[in-house]
file query-v5.cif (mmCIF, C-alpha atoms and all ligand atoms)
data_structure
loop_
_atom_site.label_atom_id
_atom_site.label_comp_id
_atom_site.auth_asym_id
_atom_site.auth_seq_id
_atom_site.Cartn_x
_atom_site.Cartn_y
_atom_site.Cartn_z
CA MET L 214 -100.48 -109.92 20.76
CA ASP L 215 -97.48 -108.98 18.63
CA PRO L 216 -98.16 -106.28 16.02
CA ASP L 217 -97.31 -106.74 12.33
CA ILE L 218 -95.90 -103.22 12.07
CA LEU L 219 -94.05 -101.70 14.98
CA ILE L 220 -93.24 -97.99 14.81
CA ILE L 221 -90.54 -96.84 17.20
CA GLY L 222 -91.08 -93.19 18.12
CA GLY L 223 -94.27 -91.13 18.16
CA GLY L 224 -92.93 -87.85 16.75
CA PRO L 225 -94.08 -86.42 13.38
CA ALA L 226 -92.33 -89.15 11.37
CA GLY L 227 -93.79 -92.08 13.29
CA LEU L 228 -97.27 -90.61 13.58
CA SER L 229 -97.26 -89.63 9.90
CA THR L 230 -96.28 -93.17 8.87
CA ALA L 231 -99.17 -94.58 10.89
CA LEU L 232 -101.68 -91.96 9.68
CA HIS L 233 -100.69 -92.49 6.03
CA LEU L 234 -100.98 -96.27 6.43
CA GLN L 235 -104.37 -95.78 8.01
CA ARG L 236 -105.50 -93.71 5.03
CA MET L 237 -104.10 -96.21 2.48
CA ASP L 238 -105.04 -99.50 4.11
CA PRO L 239 -107.15 -99.33 7.30
CA ILE L 240 -106.98 -103.10 7.81
CA LEU L 241 -103.19 -103.09 7.74
CA ALA L 242 -103.19 -100.02 10.01
CA SER L 243 -105.18 -101.97 12.62
CA ARG L 244 -102.02 -104.13 12.95
CA VAL L 245 -99.77 -101.12 13.74
CA LEU L 246 -98.37 -100.35 17.17
CA ILE L 247 -96.45 -97.17 18.00
CA LEU L 248 -94.02 -97.22 20.93
CA GLU L 249 -93.14 -93.81 22.40
CA LYS L 250 -90.66 -93.45 25.24
CA ALA L 251 -92.12 -90.18 26.56
CA ARG L 252 -95.71 -89.26 27.48
CA TYR L 253 -97.66 -86.64 25.59
CA PRO L 254 -97.51 -83.74 25.74
CA ARG L 255 -93.74 -84.27 25.78
CA SER L 256 -91.19 -81.51 25.27
CA LYS L 257 -89.05 -81.51 22.12
CA LEU L 258 -86.35 -78.95 21.47
CA CYS L 259 -87.39 -77.35 18.18
CA ALA L 260 -88.19 -73.88 16.86
CA GLY L 261 -91.44 -75.31 15.47
CA ALA L 262 -91.47 -73.53 12.10
CA LEU L 263 -93.74 -75.30 9.62
CA VAL L 264 -93.18 -74.62 5.93
CA VAL L 265 -95.90 -74.89 3.29
CA ASP L 266 -95.14 -78.58 2.60
CA ALA L 267 -95.89 -79.61 6.18
CA GLU L 268 -99.30 -77.98 5.91
CA VAL L 269 -100.01 -79.55 2.51
CA LEU L 270 -99.22 -83.04 3.88
CA LEU L 271 -101.34 -82.49 6.99
CA GLU L 272 -104.26 -81.23 4.88
CA ARG L 273 -104.01 -84.35 2.74
CA LEU L 274 -104.41 -86.39 5.92
CA GLY L 275 -107.54 -84.36 6.68
CA LEU L 276 -105.85 -82.46 9.52
CA ASP L 277 -106.17 -78.73 10.17
CA VAL L 278 -103.03 -77.47 11.92
CA ARG L 279 -104.81 -74.21 12.80
CA GLU L 280 -106.28 -76.18 15.72
CA VAL L 281 -102.80 -76.02 17.32
CA PRO L 282 -101.76 -72.73 19.00
CA HIS L 283 -99.51 -70.96 16.53
CA VAL L 284 -97.96 -67.72 15.33
CA ASP L 285 -97.71 -66.91 11.63
CA ALA L 286 -94.58 -65.30 10.23
CA ASP L 287 -95.62 -63.34 7.15
CA ASN L 288 -92.14 -63.32 5.74
CA ILE L 289 -88.64 -64.61 6.27
CA GLN L 290 -85.54 -62.43 6.23
CA PHE L 291 -82.28 -64.09 5.14
CA ASP L 292 -79.50 -61.76 6.28
CA PHE L 293 -75.77 -61.44 6.38
CA GLU L 294 -74.73 -59.10 9.22
CA GLY L 295 -78.15 -57.52 9.58
CA SER L 296 -79.27 -57.03 5.99
CA GLY L 297 -80.17 -59.27 3.11
CA LEU L 298 -83.19 -60.57 1.27
CA ASN L 299 -86.81 -60.83 2.20
CA PHE L 300 -88.72 -63.95 1.18
CA ARG L 301 -92.47 -64.46 1.24
CA MET L 302 -94.97 -66.94 -0.11
CA TRP L 303 -97.64 -65.66 -2.42
CA LYS L 304 -101.00 -64.89 -0.72
CA ARG L 305 -100.23 -66.86 2.45
CA HIS L 306 -98.09 -66.85 5.56
CA THR L 307 -94.55 -68.04 4.92
CA LEU L 308 -94.02 -69.98 8.16
CA ARG L 309 -96.51 -71.21 10.74
CA ILE L 310 -94.79 -71.54 14.10
CA ILE L 311 -96.06 -74.06 16.64
CA ARG L 312 -94.67 -75.44 19.89
CA ARG L 313 -93.71 -79.07 19.53
CA ASP L 314 -95.25 -80.28 22.80
CA GLU L 315 -98.60 -78.97 21.56
CA PHE L 316 -98.19 -80.03 17.92
CA ASP L 317 -97.02 -83.60 18.61
CA ASN L 318 -99.70 -84.07 21.27
CA TRP L 319 -102.35 -82.89 18.80
CA LEU L 320 -101.05 -85.28 16.13
CA ALA L 321 -101.03 -88.18 18.61
CA ILE L 322 -104.62 -87.40 19.67
CA LYS L 323 -105.66 -87.42 15.99
CA ALA L 324 -103.90 -90.75 15.46
CA LYS L 325 -105.59 -92.30 18.51
CA SER L 326 -108.99 -90.94 17.46
CA ARG L 327 -108.54 -92.80 14.16
CA GLY L 328 -108.00 -96.08 15.97
CA LEU L 329 -104.19 -96.19 15.95
CA GLU L 330 -102.60 -97.69 19.04
CA ILE L 331 -99.82 -95.87 20.86
CA ILE L 332 -98.09 -97.10 23.99
CA GLU L 333 -96.42 -94.22 25.87
CA GLY L 334 -93.66 -94.39 28.44
CA ILE L 335 -91.90 -97.39 26.88
CA THR L 336 -88.27 -97.29 25.71
CA VAL L 337 -86.89 -99.51 22.98
CA LYS L 338 -83.48 -100.88 23.96
CA ASN L 339 -82.49 -103.17 21.10
CA ILE L 340 -83.61 -104.24 17.62
CA ILE L 341 -82.63 -107.59 16.16
CA PRO L 342 -83.75 -108.17 12.56
CA ASP L 343 -84.01 -111.79 11.49
CA ASP L 344 -85.18 -113.61 8.36
CA GLY L 345 -88.67 -114.26 9.64
CA ALA L 346 -89.34 -111.27 11.93
CA VAL L 347 -87.76 -108.46 13.93
CA LYS L 348 -87.25 -108.78 17.67
CA VAL L 349 -87.65 -105.50 19.55
CA GLU L 350 -86.51 -105.42 23.17
CA THR L 351 -87.94 -102.71 25.40
CA ASP L 352 -87.79 -101.81 29.08
CA LYS L 353 -91.26 -103.37 29.36
CA GLY L 354 -90.82 -106.63 27.45
CA THR L 355 -90.04 -107.96 23.98
CA TYR L 356 -92.08 -107.64 20.78
CA CYS L 357 -91.82 -109.55 17.54
CA ALA L 358 -92.95 -107.71 14.38
CA GLN L 359 -93.01 -108.36 10.65
CA VAL L 360 -91.82 -104.82 9.96
CA VAL L 361 -90.19 -102.15 12.13
CA VAL L 362 -90.13 -98.43 11.35
CA GLY L 363 -87.34 -96.45 13.03
CA ALA L 364 -88.95 -93.06 13.71
CA ASP L 365 -86.93 -92.40 16.83
CA GLY L 366 -85.15 -89.20 15.79
CA SER L 367 -81.55 -88.11 15.38
CA ASN L 368 -80.14 -90.16 18.28
CA GLY L 369 -82.45 -93.11 17.66
CA ILE L 370 -81.65 -96.65 18.70
CA THR L 371 -83.00 -98.16 15.44
CA ARG L 372 -80.32 -96.62 13.24
CA ARG L 373 -77.62 -97.46 15.76
CA CYS L 374 -78.73 -101.12 15.83
CA ILE L 375 -79.07 -101.66 12.08
CA PHE L 376 -76.13 -99.49 10.94
CA PRO L 377 -73.72 -99.55 13.88
CA ASN L 378 -70.72 -98.44 11.82
CA ALA L 379 -72.30 -96.01 9.34
CA THR L 380 -70.95 -92.47 8.96
CA VAL L 381 -73.35 -90.02 10.58
CA TYR L 382 -73.73 -86.41 9.41
CA THR L 383 -74.87 -84.43 12.39
CA ALA L 384 -75.55 -80.73 12.90
CA ARG L 385 -75.32 -79.13 16.34
CA LEU L 386 -77.96 -76.67 17.54
CA LEU L 387 -78.59 -74.45 20.54
CA GLU L 388 -81.95 -72.88 21.32
CA VAL L 389 -83.28 -70.33 23.80
CA LEU L 390 -86.70 -68.77 24.47
CA THR L 391 -87.05 -65.14 25.52
CA PRO L 392 -89.88 -62.65 25.94
CA ALA L 393 -90.91 -60.65 22.87
CA TYR L 394 -88.79 -57.59 21.94
CA SER L 395 -91.06 -55.14 23.71
CA ARG L 396 -90.27 -56.88 27.01
CA SER L 397 -86.53 -57.21 26.44
CA SER L 398 -84.53 -57.09 29.66
CA THR L 399 -82.09 -54.48 28.38
CA GLY L 400 -84.76 -51.80 27.99
CA THR L 401 -84.90 -49.48 25.02
CA SER L 402 -82.55 -47.01 23.40
CA PRO L 403 -82.94 -45.16 20.08
CA ASN L 404 -80.32 -47.43 18.55
CA LEU L 405 -82.03 -50.59 19.78
CA ASN L 406 -85.47 -49.36 18.72
CA ARG L 407 -84.09 -48.87 15.23
CA HIS L 408 -82.83 -52.49 15.15
CA ILE L 409 -86.06 -54.07 16.38
CA ALA L 410 -88.56 -51.88 14.49
CA GLY L 411 -90.82 -54.00 12.27
CA ARG L 412 -89.26 -57.34 13.32
CA GLU L 413 -92.15 -58.74 15.41
CA GLN L 414 -93.82 -60.91 12.72
CA VAL L 415 -90.66 -61.74 10.77
CA ALA L 416 -88.58 -64.94 11.05
CA TYR L 417 -84.85 -64.08 10.80
CA PHE L 418 -81.95 -66.17 9.63
CA ASP L 419 -78.54 -64.43 9.81
CA PHE L 420 -75.55 -66.17 8.24
CA PHE L 421 -72.91 -63.91 9.81
CA PRO L 422 -71.16 -66.81 11.64
CA VAL L 423 -70.19 -68.54 8.35
CA PRO L 424 -66.83 -66.73 7.80
CA ASN L 425 -65.90 -67.88 11.33
CA ASN L 426 -66.29 -71.52 10.27
CA ILE L 427 -69.75 -72.06 11.68
CA ALA L 428 -71.50 -73.55 8.67
CA GLY L 429 -74.96 -72.32 9.54
CA TYR L 430 -76.87 -69.34 10.90
CA VAL L 431 -78.44 -67.69 13.92
CA TRP L 432 -82.23 -67.64 13.95
CA ASP L 433 -84.74 -65.40 15.69
CA PHE L 434 -88.42 -66.37 15.26
CA PRO L 435 -91.68 -65.08 16.72
CA THR L 436 -93.45 -67.75 18.80
CA GLN L 437 -95.90 -68.13 21.66
CA VAL L 438 -95.85 -70.10 24.88
CA GLY L 439 -99.18 -70.54 26.64
CA GLY L 440 -100.64 -67.74 24.50
CA GLU L 441 -97.88 -65.28 25.46
CA SER L 442 -95.77 -63.72 22.68
CA MET L 443 -92.16 -64.85 22.83
CA ARG L 444 -89.07 -65.08 20.62
CA CYS L 445 -87.30 -68.34 19.86
CA TRP L 446 -83.57 -67.88 19.14
CA GLY L 447 -81.00 -70.40 18.18
CA ILE L 448 -77.90 -71.30 16.25
CA TYR L 449 -77.47 -74.05 13.66
CA ASP L 450 -74.14 -75.51 12.56
CA THR L 451 -73.98 -78.35 10.02
CA ASN L 452 -70.47 -79.14 11.30
CA LEU L 453 -69.17 -79.02 7.71
CA LEU L 454 -66.28 -76.80 8.80
CA SER L 455 -65.53 -78.71 11.99
CA ASN L 456 -61.91 -79.26 10.95
CA GLN L 457 -61.28 -75.47 11.12
CA ASP L 458 -60.91 -73.16 14.13
CA ARG L 459 -64.37 -72.18 15.39
CA PRO L 460 -65.63 -70.03 18.25
CA GLN L 461 -67.82 -71.66 20.89
CA LEU L 462 -71.24 -72.21 19.37
CA LYS L 463 -72.99 -69.94 21.85
CA GLU L 464 -70.78 -66.93 21.08
CA PRO L 465 -72.43 -65.80 17.80
CA LEU L 466 -75.86 -66.42 19.34
CA ALA L 467 -74.99 -64.24 22.32
CA GLU L 468 -73.66 -61.55 19.95
CA GLU L 469 -76.85 -61.43 17.88
CA MET L 470 -79.09 -61.43 20.95
CA GLU L 471 -77.11 -58.60 22.49
CA ARG L 472 -77.47 -56.55 19.28
CA LEU L 473 -81.23 -56.85 19.76
CA GLY L 474 -81.30 -56.11 23.47
CA PHE L 475 -81.11 -59.56 25.12
CA GLN L 476 -78.46 -61.19 27.31
CA LEU L 477 -78.05 -64.90 26.52
CA GLY L 478 -76.94 -65.58 30.11
CA ASP L 479 -80.39 -64.51 31.40
CA TYR L 480 -82.11 -67.45 29.71
CA GLU L 481 -81.96 -71.24 29.70
CA LEU L 482 -79.89 -72.55 26.80
CA LYS L 483 -80.56 -76.05 25.44
CA GLY L 484 -78.87 -78.11 22.74
CA HIS L 485 -79.80 -81.04 20.50
CA PRO L 486 -78.30 -82.50 17.30
CA ILE L 487 -80.00 -83.06 13.94
CA ARG L 488 -78.99 -85.95 11.73
CA TRP L 489 -79.02 -84.62 8.20
CA PHE L 490 -79.63 -86.13 4.82
CA SER L 491 -76.75 -87.14 2.60
CA PRO L 492 -77.14 -89.15 -0.63
CA ARG L 493 -74.87 -91.67 1.09
CA ASN L 494 -77.25 -92.27 4.02
CA GLN L 495 -78.53 -95.83 4.30
CA MET L 496 -82.23 -96.06 5.06
CA SER L 497 -83.27 -99.70 5.35
CA VAL L 498 -82.32 -103.31 5.90
CA PRO L 499 -84.69 -106.23 5.35
CA ARG L 500 -87.81 -105.69 7.53
CA VAL L 501 -86.59 -102.39 9.02
CA LEU L 502 -86.79 -98.90 7.51
CA LEU L 503 -85.96 -95.45 8.79
CA VAL L 504 -88.06 -92.26 8.58
CA GLY L 505 -87.67 -88.63 9.69
CA ASP L 506 -84.44 -87.54 11.39
CA ALA L 507 -83.40 -91.19 11.65
CA ALA L 508 -83.22 -91.23 7.83
CA GLY L 509 -81.96 -87.64 7.44
CA ALA L 510 -83.37 -84.10 7.71
CA ASP L 511 -82.58 -80.96 5.70
CA PRO L 512 -78.86 -80.15 5.88
CA LEU L 513 -79.26 -76.57 4.66
CA LEU L 514 -81.40 -75.05 7.42
CA GLY L 515 -82.08 -78.03 9.70
CA GLU L 516 -85.73 -78.11 8.77
CA GLY L 517 -87.20 -81.51 9.58
CA ILE L 518 -90.89 -81.47 10.47
CA SER L 519 -92.18 -81.37 6.89
CA MET L 520 -89.57 -83.96 5.93
CA ALA L 521 -90.66 -86.23 8.78
CA LEU L 522 -94.27 -86.01 7.55
CA GLY L 523 -93.10 -86.69 3.98
CA TYR L 524 -91.00 -89.72 4.91
CA GLY L 525 -94.12 -91.07 6.64
CA SER L 526 -96.05 -90.98 3.37
CA LEU L 527 -93.27 -92.78 1.45
CA ALA L 528 -92.72 -95.39 4.16
CA ALA L 529 -96.44 -96.16 4.35
CA ARG L 530 -96.51 -96.83 0.60
CA GLU L 531 -93.43 -99.02 0.86
CA ILE L 532 -94.91 -101.02 3.74
CA ALA L 533 -98.33 -101.45 2.10
CA GLU L 534 -96.64 -102.80 -1.05
CA SER L 535 -94.36 -105.08 0.97
CA PHE L 536 -97.38 -106.78 2.56
CA GLN L 537 -99.15 -107.06 -0.83
CA GLN L 538 -96.09 -108.70 -2.38
CA ASN L 539 -94.96 -110.56 0.73
CA ASP L 540 -91.48 -109.10 0.13
CA PHE L 541 -89.92 -107.36 3.11
CA SER L 542 -86.47 -106.76 1.66
CA PHE L 543 -87.12 -102.98 1.38
CA ASN L 544 -84.34 -102.85 -1.17
CA ARG L 545 -86.26 -100.20 -3.21
CA TYR L 546 -87.02 -97.90 -0.27
CA ARG L 547 -83.94 -95.69 -0.53
CA ARG L 548 -84.48 -95.27 -4.27
CA ARG L 549 -88.15 -94.44 -3.61
CA VAL L 550 -87.09 -91.71 -1.18
CA VAL L 551 -84.30 -90.24 -3.31
CA ARG L 552 -86.43 -90.17 -6.48
CA SER L 553 -89.47 -88.68 -4.77
CA ALA L 554 -90.26 -84.98 -4.64
CA LEU L 555 -89.04 -85.04 -1.03
CA GLY L 556 -85.77 -86.71 -2.07
CA ARG L 557 -85.20 -84.21 -4.87
CA SER L 558 -85.68 -81.32 -2.45
CA LEU L 559 -83.29 -82.92 0.04
CA LEU L 560 -80.73 -83.49 -2.71
CA VAL L 561 -80.93 -79.85 -3.87
CA ARG L 562 -80.57 -78.68 -0.27
CA TRP L 563 -77.54 -80.97 0.18
CA VAL L 564 -75.89 -79.46 -2.93
CA ILE L 565 -76.66 -75.87 -1.85
CA THR L 566 -75.33 -76.66 1.65
CA HIS L 567 -71.99 -77.68 0.17
CA ILE L 568 -71.81 -74.46 -1.85
CA ILE L 569 -72.92 -71.76 0.55
CA TYR L 570 -71.14 -73.05 3.63
CA PHE L 571 -67.88 -73.98 1.92
CA LEU L 572 -67.67 -70.63 0.06
CA LYS L 573 -67.46 -68.97 3.42
CA TRP L 574 -65.75 -65.70 2.45
CA LYS L 575 -67.46 -62.56 3.63
CA TRP L 576 -67.68 -61.06 0.14
CA PHE L 577 -69.43 -64.18 -1.16
CA GLN L 578 -71.95 -64.19 1.65
CA ILE L 579 -72.68 -60.49 1.07
CA LEU L 580 -73.13 -61.13 -2.65
CA LEU L 581 -75.37 -64.11 -1.99
CA TRP L 582 -77.74 -62.68 0.57
CA ARG L 583 -77.82 -59.04 -0.51
CA PHE L 584 -77.62 -59.14 -4.31
CA LEU L 585 -78.93 -62.47 -5.63
CA LYS L 586 -82.54 -62.22 -4.50
CA PRO L 587 -84.26 -63.20 -7.82
CA ALA L 588 -82.08 -66.29 -8.28
CA LEU L 589 -82.42 -67.44 -4.67
CA THR L 590 -86.18 -66.85 -4.62
CA PHE L 591 -86.58 -68.85 -7.83
CA ILE L 592 -84.48 -71.75 -6.50
CA ALA L 593 -86.30 -71.74 -3.15
CA LYS L 594 -89.79 -71.83 -4.69
CA ARG L 595 -88.97 -74.17 -7.57
CA PHE L 596 -86.50 -76.67 -6.06
CA VAL L 597 -86.49 -76.38 -2.27
CA LEU L 598 -90.12 -75.80 -1.27
CA ASN L 599 -93.46 -76.90 -2.76
CA TRP L 600 -92.54 -80.61 -2.95
CA GLY L 601 -95.35 -81.76 -0.64
CA ARG L 602 -98.08 -81.59 -3.30
CA HIS L 603 -96.05 -83.87 -5.62
CA LEU L 604 -95.43 -86.60 -3.05
C1 LIG L 701 -83.06 -76.82 18.18
C2 LIG L 701 -83.85 -77.38 17.03
C3 LIG L 701 -84.68 -76.54 16.29
C4 LIG L 701 -85.41 -77.06 15.21
N1 LIG L 701 -86.26 -76.23 14.54
C5 LIG L 701 -86.99 -76.72 13.51
C6 LIG L 701 -87.94 -75.90 12.84
O1 LIG L 701 -88.14 -74.72 13.18
N2 LIG L 701 -88.64 -76.43 11.81
C7 LIG L 701 -88.48 -77.73 11.42
O2 LIG L 701 -89.13 -78.17 10.45
N3 LIG L 701 -87.60 -78.55 12.06
C8 LIG L 701 -86.87 -78.08 13.10
N4 LIG L 701 -86.02 -78.91 13.77
C9 LIG L 701 -85.91 -80.31 13.34
C10 LIG L 701 -87.10 -81.13 13.86
O3 LIG L 701 -87.24 -80.97 15.24
C11 LIG L 701 -86.91 -82.61 13.54
O4 LIG L 701 -86.50 -82.73 12.21
C12 LIG L 701 -88.17 -83.40 13.78
O5 LIG L 701 -88.50 -83.41 15.13
C13 LIG L 701 -88.00 -84.83 13.27
O6 LIG L 701 -89.12 -85.60 13.61
P1 LIG L 701 -88.97 -87.16 13.93
O7 LIG L 701 -90.34 -87.65 14.15
O8 LIG L 701 -88.10 -87.78 12.93
O9 LIG L 701 -88.13 -87.21 15.28
P2 LIG L 701 -88.48 -86.66 16.74
O10 LIG L 701 -89.37 -85.49 16.66
O11 LIG L 701 -87.19 -86.52 17.44
O12 LIG L 701 -89.32 -87.83 17.38
C14 LIG L 701 -88.72 -89.03 17.76
C15 LIG L 701 -89.59 -89.66 18.83
O13 LIG L 701 -89.06 -90.94 19.15
C16 LIG L 701 -89.09 -91.12 20.55
N5 LIG L 701 -88.01 -92.06 20.88
C17 LIG L 701 -86.67 -91.84 20.77
N6 LIG L 701 -85.98 -92.92 21.15
C18 LIG L 701 -86.90 -93.86 21.50
C19 LIG L 701 -86.82 -95.18 22.00
N7 LIG L 701 -85.63 -95.78 22.22
N8 LIG L 701 -87.97 -95.85 22.28
C20 LIG L 701 -89.18 -95.27 22.06
N9 LIG L 701 -89.31 -94.01 21.59
C21 LIG L 701 -88.21 -93.32 21.32
C22 LIG L 701 -88.84 -89.73 21.11
O14 LIG L 701 -89.31 -89.60 22.44
C23 LIG L 701 -89.62 -88.86 20.12
O15 LIG L 701 -90.96 -88.67 20.51
C24 LIG L 701 -85.28 -78.42 14.86
C25 LIG L 701 -84.46 -79.27 15.60
C26 LIG L 701 -83.75 -78.77 16.68
C27 LIG L 701 -82.86 -79.68 17.47
#
call {"tool": "encode", "arguments": {"input": "query-v5.cif", "output": "structure tokens"}}
result
Amino acid sequence: MDPDILIIGGGPAGLSTALHLQRMDPILASRVLILEKARYPRSKLCAGALVVDAEVLLERLGLDVREVPHVDADNIQFDFEGSGLNFRMWKRHTLRIIRRDEFDNWLAIKAKSRGLEIIEGITVKNIIPDDGAVKVETDKGTYCAQVVVGADGSNGITRRCIFPNATVYTARLLEVLTPAYSRSSTGTSPNLNRHIAGREQVAYFDFFPVPNNIAGYVWDFPTQVGGESMRCWGIYDTNLLSNQDRPQLKEPLAEEMERLGFQLGDYELKGHPIRWFSPRNQMSVPRVLLVGDAAGADPLLGEGISMALGYGSLAAREIAESFQQNDFSFNRYRRRVVRSALGRSLLVRWVITHIIYFLKWKWFQILLWRFLKPALTFIAKRFVLNWGRHL
């Protein structure tokens, strides 16, 4: 039988939409079907850092993320060329770092245990919205739904079908996993030991590539794979300076890894884009709405898991109201997102992104990361983080 609500993609955004609907209106949720092209546990390129808002939203759904294997980073270091400011949350870990195969699988198991239906191994090929319903063509047949939620990520088919000509703001990312510092392939030297001392539980962001027109940073996080301590490294570039001369994206990553005793060439390097939020992004057409990366993630740091969970809450409210009012135009959805606590955080991040990456001079970056700690900490805690409890 055709579902009333078809969710395309079973990542955090799709699963969160379904779980929030289930909490708000269990009868409506019994008419939800999630289509996921992969099979859990499926791999997803991601550093897996959860900020406080992701945990707040999961708690509100009655979910305890501590059930998922994780590593806690007590604090975050925002650096420019190896020194800068230290940021920590009060009386709690600052980041909780999970692996996405484990986290998404756990979330899917929770959704299934609450009666939500997920079909795995099915790929959506085309979406055709119509006045009366939406036709969704897959590699395993065609569905007809009252409402479709595009939760299919940065490269998703939903957005491409409903907004074929829209401008897309996309960041490029590379990621690599290595053993922990103590097992670095280069061995140890007094100089190296000095660099890595005290770094094990800290998540690092270094903005040194910005003056070279890479509008982003290199990261180095603690993580675990199968219970074994590892480091997750990567580079993020919003592409805001793509009209300027830039080095190859892997060059700054290789440079930073070498400084800390690792050779990039010894490890498998993977890349994936992130579609980021802009106030200009369109988010719905009648009967179809977008959530998560499909709608737009954080442009500043490329954080998207908490956002995906947050979009799920907003979309569920929008859908529940649309069925109550029998109005599937979704013409208020974008305003709902932008005016929400999530939208305000995304908007602040979008503004900051356009300041810190365009003012790319070395002296400005040094001033920012080494001397403006009180101002940045205030902005981060007041305007960037802590939106989840107000959603
Ligand atoms: C290298 C990298 C590092 C990152 N690090 C972090 C981090 O540390 N912290 C953080 O918060 N965010 C991080 N992000 C961003 C984060 O991964 C995303 O924002 C997040 O995954 C968005 O969730 P989503 O549910 O919208 O999309 P996704 O997680 O991409 O899920 C989309 C789902 O849709 C399915 N799908 C796609 N197409 C179809 C189709 N045609 N038919 C059916 N199913 C389909 C996919 O298989 C997938 O399961 C990182 C991203 C990258 C690329």
call {"tool": "residues_around", "arguments": {"input": "query-v5.cif", "residues": "range 430-436 of chain L", "least_positions_apart": "6", "cutoff": "6 Å", "atoms": "all atoms listed in the file", "output": "list in words"}}
result
Val284, Ala416, Tyr417, Phe418, Asp419, Phe420, Met443, Arg444, Cys445, Trp446, Gly447, Ile448 and Tyr449 of chain L
call {"tool": "write_last_selection", "arguments": {"input": "query-v5.cif", "atoms": "C-alpha atoms", "output": "mmCIF file, in the coordinates of the input"}}
result
data_model
loop_
_atom_site.group_PDB
_atom_site.id
_atom_site.type_symbol
_atom_site.label_atom_id
_atom_site.label_comp_id
_atom_site.auth_asym_id
_atom_site.auth_seq_id
_atom_site.Cartn_x
_atom_site.Cartn_y
_atom_site.Cartn_z
ATOM 1 C CA VAL L 284 -97.960 -67.720 15.330
ATOM 2 C CA ALA L 416 -88.580 -64.940 11.050
ATOM 3 C CA TYR L 417 -84.850 -64.080 10.800
ATOM 4 C CA PHE L 418 -81.950 -66.170 9.630
ATOM 5 C CA ASP L 419 -78.540 -64.430 9.810
ATOM 6 C CA PHE L 420 -75.550 -66.170 8.240
ATOM 7 C CA MET L 443 -92.160 -64.850 22.830
ATOM 8 C CA ARG L 444 -89.070 -65.080 20.620
ATOM 9 C CA CYS L 445 -87.300 -68.340 19.860
ATOM 10 C CA TRP L 446 -83.570 -67.880 19.140
ATOM 11 C CA GLY L 447 -81.000 -70.400 18.180
ATOM 12 C CA ILE L 448 -77.900 -71.300 16.250
ATOM 13 C CA TYR L 449 -77.470 -74.050 13.660
#
call {"tool": "residues_near_ligand", "arguments": {"input": "query-v5.cif", "ligand": "ligand LIG 701 (chain L)", "cutoff": "6 Å", "atoms": "only C-alpha atoms and all ligand atoms", "output": "ChimeraX atom specification"}}
result
/L:221-227,248-251,258-263,335-338,364-366,369-370,386-388,485-487,505-507,510,515-519,521
call {"tool": "atom_distance", "arguments": {"input": "query-v5.cif", "atom1": "CA of Gly474 in chain L", "atom2": "CA of Trp576 in chain L"}}
result
27.5 Å
call {"tool": "atom_distance", "arguments": {"input": "query-v5.cif", "atom1": "CA of Ser491 in chain L", "atom2": "CA of Glu534 in chain L"}}
result
25.6 Å
call {"tool": "closest_atom_pairs", "arguments": {"input": "query-v5.cif", "of": "range 279-300 of chain L", "to": "range 584-599 of chain L", "cutoff": "10 Å", "atoms": "all atoms listed in the file", "output": "Markdown table"}}
result
| residue | atom | partner | partner_atom | distance |
| --- | --- | --- | --- | --- |
| L:Phe291 | CA | L:Lys586 | CA | 9.8 |
| L:Gly297 | CA | L:Phe584 | CA | 7.8 |
| L:Leu298 | CA | L:Lys586 | CA | 6.0 |
| L:Asn299 | CA | L:Lys586 | CA | 8.1 |
| L:Phe300 | CA | L:Thr590 | CA | 7.0 |
call {"tool": "write_last_selection", "arguments": {"input": "query-v5.cif", "atoms": "C-alpha atoms", "output": "compact mmCIF listing (two decimals), in the frame of the given file"}}
result
# COMPACT_ATOMS: atom_id res chain seq x y z
CA PHE L 291 -82.28 -64.09 5.14
CA GLY L 297 -80.17 -59.27 3.11
CA LEU L 298 -83.19 -60.57 1.27
CA ASN L 299 -86.81 -60.83 2.20
CA PHE L 300 -88.72 -63.95 1.18
call {"tool": "closest_residue", "arguments": {"input": "query-v5.cif", "among": "L:Ser542, L:Gln537, L:Gln578, L:Ser229", "to": "Glu294 in chain L", "atoms": "all atoms listed in the file"}}
result
L:Gln578
call {"tool": "closest_residue", "arguments": {"input": "query-v5.cif", "among": "L:Leu572, L:Val360, L:Leu482, L:Ala286", "to": "Leu502 in chain L", "atoms": "only C-alpha atoms"}}
result
L:Val360
call {"tool": "atom_distance", "arguments": {"input": "query-v5.cif", "atom1": "CA of Phe475 in chain L", "atom2": "CA of Gly411 in chain L"}}
result
17.0 Å
call {"tool": "closest_residue", "arguments": {"input": "query-v5.cif", "among": "L:Leu514, L:Met470, L:Val264, L:Ile289", "to": "Arg412 in chain L", "atoms": "all atoms listed in the file"}}
result
L:Ile289
call {"tool": "residues_around", "arguments": {"input": "query-v5.cif", "residues": "Ser243 in chain L", "least_positions_apart": "2", "cutoff": "12 Å", "atoms": "only C-alpha atoms", "output": "list in words"}}
result
Pro216, Asp217, Ile218, Leu219, Ala231, Leu232, Leu234, Gln235, Arg236, Met237, Asp238, Pro239, Ile240, Leu241, Val245, Leu246, Ile247, Ala324, Lys325, Arg327, Gly328, Leu329, Glu330 and Ile331 of chain L
call {"tool": "closest_residue", "arguments": {"input": "query-v5.cif", "among": "L:Arg372, L:His408, L:Leu477, L:Ala528", "to": "Ser296 in chain L", "atoms": "only C-alpha atoms"}}
result
L:His408
call {"tool": "residues_around", "arguments": {"input": "query-v5.cif", "residues": "range 547-560 of chain L", "least_positions_apart": "3", "cutoff": "6 Å", "atoms": "all atoms listed in the file", "output": "JSON, numbers by chain"}}
result
{"L": [496, 563, 596, 597, 600, 603, 604]}
